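Structure file query.tsv (TSV, N, CA and C atoms) follows.
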```
chain	number	residue	atom	x	y	z
A	192	MET	N	-18.55	93.18	-100.10
A	192	MET	CA	-19.97	93.20	-99.80
A	192	MET	C	-20.71	93.97	-100.89
A	193	ARG	N	-20.45	93.70	-102.11
A	193	ARG	CA	-21.11	94.39	-103.22
A	193	ARG	C	-22.40	93.64	-103.58
A	194	HIS	N	-23.44	94.41	-103.80
A	194	HIS	CA	-24.71	93.83	-104.22
A	194	HIS	C	-25.19	94.59	-105.44
A	195	GLU	N	-25.51	93.85	-106.51
A	195	GLU	CA	-25.96	94.51	-107.73
A	195	GLU	C	-27.29	95.20	-107.54
A	196	SER	N	-28.06	94.80	-106.55
A	196	SER	CA	-29.38	95.39	-106.34
A	196	SER	C	-29.31	96.62	-105.44
A	197	MET	N	-28.10	97.16	-105.24
A	197	MET	CA	-27.93	98.30	-104.36
A	197	MET	C	-27.24	99.46	-105.08
A	198	HIS	N	-27.56	100.68	-104.67
A	198	HIS	CA	-26.81	101.86	-105.09
A	198	HIS	C	-25.59	101.95	-104.18
A	199	HIS	N	-24.55	102.58	-104.65
A	199	HIS	CA	-23.30	102.65	-103.90
A	199	HIS	C	-22.86	104.10	-103.82
A	200	VAL	N	-22.51	104.57	-102.63
A	200	VAL	CA	-21.95	105.91	-102.44
A	200	VAL	C	-20.78	105.77	-101.47
A	201	SER	N	-19.66	106.42	-101.77
A	201	SER	CA	-18.49	106.25	-100.91
A	201	SER	C	-17.65	107.51	-100.88
A	202	ALA	N	-16.71	107.54	-99.94
A	202	ALA	CA	-15.77	108.65	-99.81
A	202	ALA	C	-14.46	108.11	-99.27
A	203	VAL	N	-13.36	108.70	-99.75
A	203	VAL	CA	-12.05	108.40	-99.18
A	203	VAL	C	-11.86	109.34	-98.00
A	204	ILE	N	-11.52	108.76	-96.86
A	204	ILE	CA	-11.38	109.50	-95.62
A	204	ILE	C	-9.92	109.47	-95.18
A	205	PRO	N	-9.35	110.62	-94.86
A	205	PRO	CA	-7.94	110.65	-94.44
A	205	PRO	C	-7.79	110.27	-92.96
A	206	ALA	N	-8.15	109.03	-92.67
A	206	ALA	CA	-8.04	108.50	-91.30
A	206	ALA	C	-7.88	106.98	-91.41
A	207	PRO	N	-7.29	106.36	-90.39
A	207	PRO	CA	-7.16	104.90	-90.41
A	207	PRO	C	-8.51	104.21	-90.49
A	208	ALA	N	-8.55	103.05	-91.13
A	208	ALA	CA	-9.79	102.28	-91.25
A	208	ALA	C	-10.38	101.96	-89.88
A	209	GLU	N	-9.52	101.71	-88.89
A	209	GLU	CA	-10.01	101.37	-87.55
A	209	GLU	C	-10.83	102.51	-86.95
A	210	ALA	N	-10.43	103.76	-87.21
A	210	ALA	CA	-11.17	104.91	-86.68
A	210	ALA	C	-12.55	104.99	-87.33
A	211	ALA	N	-12.60	104.84	-88.64
A	211	ALA	CA	-13.89	104.90	-89.34
A	211	ALA	C	-14.78	103.73	-88.91
A	212	TRP	N	-14.21	102.54	-88.78
A	212	TRP	CA	-14.98	101.36	-88.36
A	212	TRP	C	-15.59	101.59	-87.00
A	213	HIS	N	-14.81	102.11	-86.07
A	213	HIS	CA	-15.34	102.36	-84.72
A	213	HIS	C	-16.54	103.31	-84.77
A	214	ILE	N	-16.45	104.35	-85.57
A	214	ILE	CA	-17.55	105.30	-85.69
A	214	ILE	C	-18.80	104.62	-86.26
A	215	LEU	N	-18.60	103.69	-87.19
A	215	LEU	CA	-19.73	102.99	-87.80
A	215	LEU	C	-20.40	101.99	-86.87
A	216	ILE	N	-19.67	101.43	-85.90
A	216	ILE	CA	-20.27	100.39	-85.06
A	216	ILE	C	-20.65	100.89	-83.67
A	217	ASP	N	-20.25	102.08	-83.30
A	217	ASP	CA	-20.54	102.65	-81.98
A	217	ASP	C	-21.91	103.33	-82.03
A	218	THR	N	-22.91	102.76	-81.37
A	218	THR	CA	-24.27	103.31	-81.45
A	218	THR	C	-24.38	104.71	-80.85
A	219	GLU	N	-23.46	105.08	-79.98
A	219	GLU	CA	-23.47	106.46	-79.46
A	219	GLU	C	-23.03	107.46	-80.52
A	220	GLU	N	-22.31	106.98	-81.53
A	220	GLU	CA	-21.88	107.83	-82.64
A	220	GLU	C	-22.98	108.01	-83.69
A	221	TRP	N	-23.87	107.06	-83.83
A	221	TRP	CA	-24.85	107.09	-84.92
A	221	TRP	C	-25.60	108.42	-85.03
A	222	PRO	N	-26.14	108.97	-83.92
A	222	PRO	CA	-26.86	110.25	-84.06
A	222	PRO	C	-25.94	111.41	-84.46
A	223	ARG	N	-24.66	111.26	-84.24
A	223	ARG	CA	-23.71	112.33	-84.59
A	223	ARG	C	-23.44	112.39	-86.09
A	224	TRP	N	-23.50	111.24	-86.76
A	224	TRP	CA	-23.23	111.24	-88.19
A	224	TRP	C	-24.43	110.86	-89.04
A	225	GLY	N	-25.41	110.19	-88.48
A	225	GLY	CA	-26.55	109.72	-89.26
A	225	GLY	C	-27.73	110.67	-89.23
A	226	PRO	N	-28.02	111.37	-90.31
A	226	PRO	CA	-29.15	112.30	-90.32
A	226	PRO	C	-30.50	111.64	-90.04
A	227	SER	N	-30.60	110.33	-90.26
A	227	SER	CA	-31.88	109.65	-90.05
A	227	SER	C	-31.99	108.99	-88.68
A	228	VAL	N	-30.99	109.22	-87.80
A	228	VAL	CA	-31.00	108.61	-86.47
A	228	VAL	C	-30.89	109.71	-85.41
A	229	ARG	N	-31.94	109.82	-84.59
A	229	ARG	CA	-31.92	110.81	-83.51
A	229	ARG	C	-31.34	110.20	-82.22
A	230	ALA	N	-31.65	108.92	-81.98
A	230	ALA	CA	-31.18	108.24	-80.76
A	230	ALA	C	-31.18	106.74	-81.01
A	231	VAL	N	-30.48	106.00	-80.13
A	231	VAL	CA	-30.38	104.55	-80.26
A	231	VAL	C	-30.56	103.91	-78.89
A	232	ARG	N	-31.29	102.82	-78.87
A	232	ARG	CA	-31.37	101.95	-77.69
A	232	ARG	C	-30.88	100.58	-78.12
A	233	SER	N	-29.84	100.11	-77.46
A	233	SER	CA	-29.26	98.82	-77.80
A	233	SER	C	-28.65	98.22	-76.54
A	234	PRO	N	-28.69	96.89	-76.39
A	234	PRO	CA	-28.12	96.28	-75.20
A	234	PRO	C	-26.60	96.42	-75.12
A	235	GLN	N	-25.97	96.76	-76.22
A	235	GLN	CA	-24.52	96.97	-76.23
A	235	GLN	C	-24.20	98.23	-77.01
A	236	ARG	N	-23.19	98.93	-76.56
A	236	ARG	CA	-22.81	100.19	-77.22
A	236	ARG	C	-22.32	99.95	-78.64
A	237	CYS	N	-21.43	98.98	-78.82
A	237	CYS	CA	-20.90	98.67	-80.15
A	237	CYS	C	-21.60	97.43	-80.70
A	238	ILE	N	-22.10	97.55	-81.91
A	238	ILE	CA	-22.84	96.45	-82.52
A	238	ILE	C	-21.90	95.31	-82.89
A	239	GLY	N	-22.50	94.17	-83.12
A	239	GLY	CA	-21.81	92.97	-83.56
A	239	GLY	C	-22.81	92.09	-84.29
A	240	PRO	N	-22.44	90.85	-84.55
A	240	PRO	CA	-23.34	89.95	-85.27
A	240	PRO	C	-24.68	89.82	-84.52
A	241	ASP	N	-25.77	89.95	-85.24
A	241	ASP	CA	-27.12	89.76	-84.71
A	241	ASP	C	-27.54	90.75	-83.63
A	242	THR	N	-26.80	91.86	-83.46
A	242	THR	CA	-27.23	92.87	-82.50
A	242	THR	C	-28.62	93.36	-82.87
A	243	THR	N	-29.43	93.58	-81.86
A	243	THR	CA	-30.75	94.16	-82.06
A	243	THR	C	-30.87	95.41	-81.21
A	244	GLY	N	-31.86	96.20	-81.50
A	244	GLY	CA	-32.12	97.40	-80.73
A	244	GLY	C	-33.19	98.22	-81.41
A	245	HIS	N	-33.22	99.50	-81.08
A	245	HIS	CA	-34.18	100.43	-81.67
A	245	HIS	C	-33.47	101.74	-82.00
A	246	ILE	N	-33.88	102.34	-83.12
A	246	ILE	CA	-33.41	103.68	-83.45
A	246	ILE	C	-34.60	104.61	-83.41
A	247	GLN	N	-34.33	105.85	-83.05
A	247	GLN	CA	-35.37	106.87	-83.10
A	247	GLN	C	-35.13	107.72	-84.34
A	248	THR	N	-36.17	107.89	-85.13
A	248	THR	CA	-36.07	108.69	-86.35
A	248	THR	C	-36.18	110.17	-86.00
A	249	PRO	N	-35.83	111.04	-86.93
A	249	PRO	CA	-35.97	112.48	-86.69
A	249	PRO	C	-37.41	112.90	-86.35
A	250	LEU	N	-38.39	112.10	-86.78
A	250	LEU	CA	-39.79	112.40	-86.49
A	250	LEU	C	-40.23	111.87	-85.13
A	251	GLY	N	-39.32	111.16	-84.44
A	251	GLY	CA	-39.61	110.68	-83.09
A	251	GLY	C	-40.05	109.23	-82.99
A	252	ALA	N	-40.30	108.57	-84.11
A	252	ALA	CA	-40.73	107.16	-84.07
A	252	ALA	C	-39.54	106.27	-83.71
A	253	TRP	N	-39.80	105.26	-82.88
A	253	TRP	CA	-38.79	104.26	-82.53
A	253	TRP	C	-39.02	103.03	-83.41
A	254	LEU	N	-37.97	102.60	-84.12
A	254	LEU	CA	-38.05	101.46	-85.02
A	254	LEU	C	-37.04	100.39	-84.61
A	255	PRO	N	-37.44	99.12	-84.65
A	255	PRO	CA	-36.49	98.05	-84.31
A	255	PRO	C	-35.47	97.85	-85.42
A	256	PHE	N	-34.25	97.44	-85.01
A	256	PHE	CA	-33.23	97.08	-86.00
A	256	PHE	C	-32.57	95.78	-85.60
A	257	ARG	N	-31.99	95.12	-86.60
A	257	ARG	CA	-31.21	93.89	-86.39
A	257	ARG	C	-30.06	93.89	-87.39
A	258	ILE	N	-28.86	93.61	-86.89
A	258	ILE	CA	-27.69	93.46	-87.77
A	258	ILE	C	-27.84	92.11	-88.47
A	259	THR	N	-27.78	92.12	-89.80
A	259	THR	CA	-28.04	90.90	-90.57
A	259	THR	C	-26.80	90.33	-91.25
A	260	HIS	N	-25.79	91.14	-91.43
A	260	HIS	CA	-24.52	90.67	-92.01
A	260	HIS	C	-23.41	91.34	-91.21
A	261	TRP	N	-22.37	90.59	-90.92
A	261	TRP	CA	-21.27	91.12	-90.10
A	261	TRP	C	-19.97	90.54	-90.58
A	262	GLN	N	-19.07	91.40	-91.00
A	262	GLN	CA	-17.70	91.01	-91.33
A	262	GLN	C	-16.81	91.92	-90.49
A	263	PRO	N	-16.23	91.41	-89.40
A	263	PRO	CA	-15.49	92.25	-88.44
A	263	PRO	C	-14.46	93.16	-89.11
A	264	GLY	N	-14.52	94.43	-88.74
A	264	GLY	CA	-13.57	95.40	-89.25
A	264	GLY	C	-13.78	95.81	-90.69
A	265	ARG	N	-14.80	95.25	-91.34
A	265	ARG	CA	-14.97	95.46	-92.78
A	265	ARG	C	-16.37	95.93	-93.20
A	266	SER	N	-17.43	95.18	-92.79
A	266	SER	CA	-18.76	95.55	-93.29
A	266	SER	C	-19.87	95.03	-92.40
A	267	TRP	N	-21.01	95.71	-92.49
A	267	TRP	CA	-22.23	95.24	-91.84
A	267	TRP	C	-23.45	95.77	-92.56
A	268	THR	N	-24.53	95.02	-92.47
A	268	THR	CA	-25.83	95.43	-93.00
A	268	THR	C	-26.85	95.24	-91.90
A	269	TRP	N	-28.01	95.85	-92.11
A	269	TRP	CA	-29.06	95.73	-91.11
A	269	TRP	C	-30.43	95.82	-91.75
A	270	ARG	N	-31.41	95.42	-90.94
A	270	ARG	CA	-32.82	95.58	-91.28
A	270	ARG	C	-33.39	96.54	-90.25
A	271	VAL	N	-34.18	97.49	-90.71
A	271	VAL	CA	-34.84	98.44	-89.83
A	271	VAL	C	-36.34	98.27	-90.05
A	272	ALA	N	-37.05	98.02	-88.97
A	272	ALA	CA	-38.49	97.76	-89.04
A	272	ALA	C	-38.77	96.59	-89.99
A	273	GLY	N	-37.85	95.62	-90.01
A	273	GLY	CA	-38.02	94.43	-90.83
A	273	GLY	C	-37.68	94.61	-92.30
A	274	ILE	N	-37.21	95.80	-92.69
A	274	ILE	CA	-36.92	96.09	-94.09
A	274	ILE	C	-35.40	96.21	-94.27
A	275	ALA	N	-34.88	95.58	-95.33
A	275	ALA	CA	-33.44	95.68	-95.63
A	275	ALA	C	-33.08	97.14	-95.80
A	276	ALA	N	-32.09	97.60	-95.03
A	276	ALA	CA	-31.66	98.99	-95.06
A	276	ALA	C	-30.23	99.06	-95.61
A	277	THR	N	-29.51	100.10	-95.26
A	277	THR	CA	-28.18	100.34	-95.80
A	277	THR	C	-27.15	99.30	-95.37
A	278	GLY	N	-26.15	99.15	-96.23
A	278	GLY	CA	-24.96	98.41	-95.89
A	278	GLY	C	-23.86	99.42	-95.61
A	279	HIS	N	-22.87	99.01	-94.82
A	279	HIS	CA	-21.77	99.89	-94.40
A	279	HIS	C	-20.48	99.14	-94.61
A	280	GLU	N	-19.49	99.79	-95.21
A	280	GLU	CA	-18.24	99.10	-95.53
A	280	GLU	C	-17.05	100.03	-95.33
A	281	VAL	N	-15.96	99.48	-94.81
A	281	VAL	CA	-14.71	100.22	-94.67
A	281	VAL	C	-13.61	99.41	-95.35
A	282	ILE	N	-12.88	100.07	-96.23
A	282	ILE	CA	-11.76	99.42	-96.92
A	282	ILE	C	-10.49	100.22	-96.63
A	283	PRO	N	-9.49	99.60	-96.00
A	283	PRO	CA	-8.22	100.31	-95.75
A	283	PRO	C	-7.54	100.68	-97.06
A	284	LEU	N	-6.96	101.87	-97.09
A	284	LEU	CA	-6.17	102.33	-98.23
A	284	LEU	C	-4.81	102.78	-97.70
A	285	GLY	N	-4.13	101.87	-97.05
A	285	GLY	CA	-2.89	102.21	-96.36
A	285	GLY	C	-3.18	102.42	-94.89
A	286	THR	N	-2.23	102.98	-94.18
A	286	THR	CA	-2.39	103.13	-92.72
A	286	THR	C	-3.10	104.40	-92.30
A	287	THR	N	-3.21	105.38	-93.20
A	287	THR	CA	-3.80	106.66	-92.81
A	287	THR	C	-5.00	107.08	-93.66
A	288	ARG	N	-5.48	106.18	-94.51
A	288	ARG	CA	-6.66	106.48	-95.34
A	288	ARG	C	-7.52	105.24	-95.46
A	289	CYS	N	-8.81	105.50	-95.72
A	289	CYS	CA	-9.72	104.39	-95.97
A	289	CYS	C	-10.87	104.87	-96.84
A	290	ARG	N	-11.57	103.93	-97.41
A	290	ARG	CA	-12.79	104.23	-98.15
A	290	ARG	C	-13.97	103.73	-97.32
A	291	VAL	N	-14.91	104.63	-97.05
A	291	VAL	CA	-16.15	104.26	-96.37
A	291	VAL	C	-17.26	104.30	-97.40
A	292	SER	N	-18.04	103.24	-97.45
A	292	SER	CA	-19.11	103.14	-98.44
A	292	SER	C	-20.43	102.79	-97.78
A	293	PHE	N	-21.49	103.29	-98.38
A	293	PHE	CA	-22.85	102.88	-98.03
A	293	PHE	C	-23.45	102.20	-99.24
A	294	LEU	N	-24.15	101.12	-98.99
A	294	LEU	CA	-24.93	100.45	-100.03
A	294	LEU	C	-26.39	100.77	-99.73
A	295	ILE	N	-27.06	101.33	-100.71
A	295	ILE	CA	-28.43	101.81	-100.54
A	295	ILE	C	-29.36	100.92	-101.35
A	296	PRO	N	-30.42	100.41	-100.74
A	296	PRO	CA	-31.36	99.57	-101.51
A	296	PRO	C	-31.88	100.31	-102.74
A	297	ARG	N	-32.06	99.58	-103.83
A	297	ARG	CA	-32.54	100.18	-105.09
A	297	ARG	C	-33.87	100.92	-104.91
A	298	TRP	N	-34.68	100.46	-103.97
A	298	TRP	CA	-35.99	101.09	-103.77
A	298	TRP	C	-35.87	102.43	-103.04
A	299	ALA	N	-34.67	102.80	-102.58
A	299	ALA	CA	-34.50	104.03	-101.79
A	299	ALA	C	-33.47	104.98	-102.40
A	300	PRO	N	-33.54	105.28	-103.70
A	300	PRO	CA	-32.50	106.14	-104.31
A	300	PRO	C	-32.47	107.54	-103.71
A	301	LEU	N	-33.57	108.01	-103.17
A	301	LEU	CA	-33.59	109.35	-102.58
A	301	LEU	C	-32.84	109.41	-101.26
A	302	TYR	N	-32.38	108.25	-100.78
A	302	TYR	CA	-31.61	108.20	-99.54
A	302	TYR	C	-30.14	108.56	-99.78
A	303	ARG	N	-29.75	108.65	-101.03
A	303	ARG	CA	-28.35	108.96	-101.37
A	303	ARG	C	-27.84	110.25	-100.71
A	304	PRO	N	-28.58	111.38	-100.78
A	304	PRO	CA	-28.08	112.60	-100.12
A	304	PRO	C	-27.92	112.43	-98.60
A	305	VAL	N	-28.75	111.62	-97.99
A	305	VAL	CA	-28.61	111.35	-96.56
A	305	VAL	C	-27.28	110.65	-96.30
A	306	CYS	N	-26.96	109.68	-97.14
A	306	CYS	CA	-25.70	108.94	-96.99
A	306	CYS	C	-24.50	109.83	-97.31
A	307	GLU	N	-24.63	110.71	-98.27
A	307	GLU	CA	-23.52	111.64	-98.57
A	307	GLU	C	-23.25	112.57	-97.38
A	308	THR	N	-24.31	113.03	-96.74
A	308	THR	CA	-24.14	113.84	-95.52
A	308	THR	C	-23.47	113.02	-94.44
A	309	ALA	N	-23.91	111.78	-94.27
A	309	ALA	CA	-23.32	110.90	-93.25
A	309	ALA	C	-21.83	110.70	-93.52
A	310	LEU	N	-21.45	110.50	-94.78
A	310	LEU	CA	-20.03	110.32	-95.11
A	310	LEU	C	-19.21	111.54	-94.73
A	311	ARG	N	-19.72	112.73	-95.00
A	311	ARG	CA	-19.00	113.95	-94.62
A	311	ARG	C	-18.82	114.02	-93.10
A	312	ARG	N	-19.87	113.68	-92.37
A	312	ARG	CA	-19.78	113.73	-90.90
A	312	ARG	C	-18.84	112.67	-90.36
A	313	ILE	N	-18.85	111.48	-90.95
A	313	ILE	CA	-17.94	110.42	-90.53
A	313	ILE	C	-16.50	110.87	-90.77
A	314	ALA	N	-16.24	111.49	-91.93
A	314	ALA	CA	-14.89	111.97	-92.23
A	314	ALA	C	-14.45	113.00	-91.21
A	315	GLU	N	-15.32	113.92	-90.84
A	315	GLU	CA	-14.99	114.94	-89.83
A	315	GLU	C	-14.66	114.29	-88.49
A	316	ARG	N	-15.47	113.32	-88.09
A	316	ARG	CA	-15.28	112.66	-86.79
A	316	ARG	C	-14.01	111.81	-86.80
A	317	ALA	N	-13.79	111.07	-87.88
A	317	ALA	CA	-12.64	110.17	-87.95
A	317	ALA	C	-11.33	110.93	-87.97
A	318	THR	N	-11.29	112.06	-88.66
A	318	THR	CA	-10.05	112.83	-88.73
A	318	THR	C	-9.79	113.60	-87.43
A	319	ALA	N	-10.82	113.79	-86.64
A	319	ALA	CA	-10.65	114.49	-85.35
A	319	ALA	C	-10.15	113.56	-84.25
A	320	LEU	N	-10.24	112.25	-84.47
A	320	LEU	CA	-9.81	111.28	-83.43
A	320	LEU	C	-8.30	111.22	-83.31
```
Written as structure tokens, how would this file's structure read?
Amino acid sequence: MRHESMHHVSAVIPAPAEAAWHILIDTEEWPRWGPSVRAVRSPQRCIGPDTTGHIQTPLGAWLPFRITHWQPGRSWTWRVAGIAATGHEVIPLGTTRCRVSFLIPRWAPLYRPVCETALRRIAERATAL
């Protein structure tokens, strides 16, 4: 799921890919690792193809989201408030490690530190499972 029009930030996590993937698709986990998500409303706890819902930003605004790309166990992208947002990817590196990556739209380079924080939190959560 590489896009030349995106910035890329990633981390190797000492946990199985399945653990990291679950954290990325479980909407109850999003506020725990995502600095830009305070809460989520979605008809299903775990996202899938074409899932829609709303996220609450740290400032309290509720914004609609839609999953726009879905590769089970591997990657997903979404639009938030109708705007292409981050991509999320998990690549297995054996049975006990994986690489988690975020793809950041070129227009949002200042979002990189947010994604780096999210990666650290995902690593903490995945290794604790």
Surrounding residues of Thr287 in chain A excluding itself and chain neighbours under 4 positions, 9 Å, only C-alpha atoms, as a VMD selection string: chain A and resid 204 to 208 283
Selection above as a file: N, CA and C atoms, as a CSV table (one decimal), keeping the file's coordinate frame:
```csv
chain,number,residue,atom,x,y,z
A,204,ILE,N,-11.5,108.8,-96.9
A,204,ILE,CA,-11.4,109.5,-95.6
A,204,ILE,C,-9.9,109.5,-95.2
A,205,PRO,N,-9.4,110.6,-94.9
A,205,PRO,CA,-7.9,110.6,-94.4
A,205,PRO,C,-7.8,110.3,-93.0
A,206,ALA,N,-8.2,109.0,-92.7
A,206,ALA,CA,-8.0,108.5,-91.3
A,206,ALA,C,-7.9,107.0,-91.4
A,207,PRO,N,-7.3,106.4,-90.4
A,207,PRO,CA,-7.2,104.9,-90.4
A,207,PRO,C,-8.5,104.2,-90.5
A,208,ALA,N,-8.6,103.0,-91.1
A,208,ALA,CA,-9.8,102.3,-91.2
A,208,ALA,C,-10.4,102.0,-89.9
A,283,PRO,N,-9.5,99.6,-96.0
A,283,PRO,CA,-8.2,100.3,-95.8
A,283,PRO,C,-7.5,100.7,-97.1
```
One-decimal distance in Å that lies between atom N of Arg265 in chain A and CA of Arg303 in chain A: 21.7 Å
Which of A:Trp253, A:Trp221, A:Trp267, A:Trp298 sits closest to Val281 in chain A [using only C-alpha atoms]: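 Comparing A:Trp253, A:Trp221, A:Trp267, A:Trp298 against Val281 in chain A, the winner is A:Trp267.
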Per-residue DSSP, chain A, filtered to alpha helix (DSSP H), as JSON, numbers by chain: {"A": [208, 209, 210, 211, 212, 213, 214, 215, 216, 221, 222, 223, 224, 303, 304, 305, 306, 307, 308, 309, 310, 311, 312, 313, 314, 315, 316, 317, 318, 319]}
Closest of A:Ala314, A:Leu301, A:Cys237, A:Cys306 to Ile216 in chain A - atom-to-atom distances counting only C-alpha atoms: A:Cys237
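The interatomic distance for the pair atom N of Thr243 in chain A and CA of Ile258 in chain A works out to 6.2 Å.
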Nearest to Arg229 in chain A by atom-to-atom distance, counting all atoms listed in the file, from A:Thr248, A:Ser292, A:Gln262, A:Thr242: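 Answer, going by the shortest atom-to-atom distance: A:Thr248.
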Two-atom distance - CA of Ile295 in chain A, CA of Ile282 in chain A (Å): 17.2 Å
